[in-house]
Structure formats: C-alpha cells, structure tokens
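Participant: This is the structure I want to talk about, given as structure tokens.
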Amino acid sequence: MIARLGWRLAVPVVLAASGVLFVTSAQTAHGTDLRTGGRTKLSDLVVEQEQRNARLAAQVARARGSVDSLTAGLSLDPRLTHQVSALSGPAGLAAVLGPGIRVSLDDAPPLAPGAQRPSWLTPDDLVVHQQDLQAVVNALWHGGAEAIQVMDQRIVSTSAVRCVGNTLILQGRVYSPPFVVTAIGDQRRLRAALDHEPGVQLFKEFVREAGLRWSDRDEHSVTVPAFDGAVDLMYARPTS
C-alpha cells in the first residue's frame, strides 16, 4: 500500500517535470508589440488579483509542505528518486548556482531643464515594454542559459512576461522598473545571443534616441532560485 501511494505521488512529479523540460513557453516566446500601442489603467484590478494570487501562493506552499512530508516517509524506488532529482534542475524546481550575466532595463529619466528629445518620440517610447523583456529572455534561452530569473522569480515553461503600462506582472506579482533579468550559462554565448537578438537591438536604439536605460554585467557566481509556484498546465491543446 505504501509503495503504491509512493508511485501515485511520484509519477505525476516526473511527468510534470518532463513536460516542463521539453515544452517551450509560447507565452514567453511570442509577445505583443506594445511600444506603439495604447495603455489601459488597470491598477485596481491588478492590485486585487495580486492579493488573490498571494493567498493562493500561501495555500500552494502549505500543500507542497504536506506532500513533501508524506513523500519523505515513503520507500520509493531509488531509480525513480534519481530521475526526479535529475529533472528538477532543468524543470526549474531546484536552485542553480554558477557564472552568468545580469541585464537591467529601465525607463527614460526626466529631462534636465532645457533638454529636448526628438519630436517623433511618444510617451510609450520612453518606457520598457513586454516586448523588450521578452526579447532579452528569448535571447538568453537561445544562448544556452541553464536557468533564468526575472526580478526575484525563476522562469519556467509556464511563465508569461506581461506588462500593463510600465509595470510588470509576473506570476501574480507586480513589479516596477528597473527590470532585472539574470541568467546562468556560458557568458560569451549569452552575450553573443543578446547582440544578435533584433528586439534587443531595437531597445538599444531607443536607449540612444529616447534615453531608455540598459546595463549588463558578468557575474562570477550567481544563484537562480527554484520556482516556487504551480507547474500544472491549466489549459492546453495539441499542435497540428
């Protein structure tokens, strides 16, 4: 009975981790160009949803603690335990430590007295948008990143970078600029991928023309934390 319960708990973990390992997030890979679009004020809705997500996150943490306690008392197949452990890192369920790169994107600061910007610029050109963050994340994945963190959260296949105006909504939490993206991997490959990403190059053009801010630096040793949310897919459909 104990062994059967062990399999019932462990098999879904293996399947979920395998799915996360092999499925690339469509939400992260395909964004909407917001630089020329309008902005909608949804602050009240965002705050309400953030509070709800915080309550749900606390429930998830308690449930995960209960599952971990129950699983710790089971005699699971060592091969299964090893497989789950091997998949935890690539799936984002374990912290990763290593060298990497840290990128920061920020809105344009207010102009100094008497200074002027090009007349063709609009207010939307002066803030960081969803497309800019997605371009950085996509480039780092393309550059072979082992793990990526946006602000204080690990990015997994179910993560979606969403912006409302110049605020970031990531997995139920709201952030203001500057937006910091951290990746672990070969620094030369990561930098080369950023240099060849069209979305990053476009952002850097607006750095020069509009005063948006970009910085990047190598990190000798950085830790990207484990993902602490739910990895279950709520909605999915097969590709044709």
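The way I read the labels, and the way they are meant: chains A, B, ... in the order of the structure tokens, residue 1 as the first residue of every chain, and ligand 1 as the first ligand shown, with later ones counted on from there.
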Leaving out region 205-209 of chain A and any residue of its chain fewer than 2 positions from it, which residues lie within 10 Å of it when counting only C-alpha atoms, given as a ChimeraX atom specification?

Facilitator: /A:105-108,117-118,121,125-128,199-203,211-214

Participant: Quick one: residues within 10 Å of Gly98 (chain A), only C-alpha atoms, excluding same-chain residues fewer than 2 positions away - as a PyMOL selection string?

Facilitator: chain A and resi 96+100+146-147+183-186+219-224

Participant: Output the selection as a tab-separated table (two decimals), in the first residue's frame - N, CA and C atoms for each residue.

Facilitator:
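Now in again02.tsv:
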chain	number	residue	atom	x	y	z
A	96	VAL	N	19.83	26.83	-8.98
A	96	VAL	CA	21.01	26.62	-9.82
A	96	VAL	C	22.05	27.68	-9.47
A	100	GLY	N	27.28	33.68	-14.80
A	100	GLY	CA	26.21	34.11	-15.71
A	100	GLY	C	26.29	35.58	-16.02
A	146	GLU	N	21.14	28.05	-18.63
A	146	GLU	CA	20.70	26.91	-17.83
A	146	GLU	C	19.49	27.29	-16.96
A	147	ALA	N	19.43	28.52	-16.55
A	147	ALA	CA	18.33	29.00	-15.70
A	147	ALA	C	18.22	30.51	-15.87
A	183	ALA	N	20.71	35.39	-15.78
A	183	ALA	CA	20.81	34.08	-16.45
A	183	ALA	C	22.12	33.41	-16.07
A	184	ILE	N	22.07	32.09	-15.92
A	184	ILE	CA	23.26	31.29	-15.65
A	184	ILE	C	23.63	30.55	-16.93
A	185	GLY	N	24.90	30.60	-17.29
A	185	GLY	CA	25.34	29.92	-18.50
A	185	GLY	C	26.68	30.45	-18.96
A	186	ASP	N	27.10	30.03	-20.15
A	186	ASP	CA	28.35	30.49	-20.74
A	186	ASP	C	28.20	31.97	-21.11
A	219	GLU	N	28.53	37.95	-14.09
A	219	GLU	CA	28.50	37.54	-12.69
A	219	GLU	C	29.36	36.30	-12.53
A	220	HIS	N	30.36	36.39	-11.66
A	220	HIS	CA	31.24	35.24	-11.44
A	220	HIS	C	30.48	34.06	-10.84
A	221	SER	N	29.61	34.35	-9.91
A	221	SER	CA	28.81	33.30	-9.28
A	221	SER	C	27.47	33.90	-8.86
A	222	VAL	N	26.40	33.33	-9.34
A	222	VAL	CA	25.06	33.81	-9.03
A	222	VAL	C	24.14	32.62	-8.82
A	223	THR	N	23.17	32.79	-7.94
A	223	THR	CA	22.20	31.73	-7.67
A	223	THR	C	20.84	32.12	-8.22
A	224	VAL	N	20.26	31.26	-9.04
A	224	VAL	CA	18.88	31.44	-9.50
A	224	VAL	C	18.02	30.49	-8.68

Participant: For CA of Arg62 (chain A) and CA of Ile169 (chain A), quote the distance in Å rounded to one decimal.

Facilitator: 23.6 Å

Participant: Give the answer as one residue: which of A:Val181, A:Leu56, A:Leu170, A:Val136 has the shortest atom-to-atom distance to Ser104 (chain A), using only C-alpha atoms?

Facilitator: A:Val181

Participant: Taking 5 positions as the minimum chain separation for residues in the same chain, which residues sit within 9 Å of Arg189 (chain A) when counting only C-alpha atoms? Answer as a list of chain:residue names.

Facilitator: A:Leu140, A:His142, A:Gly143, A:Gly144, A:Ala145, A:Leu194
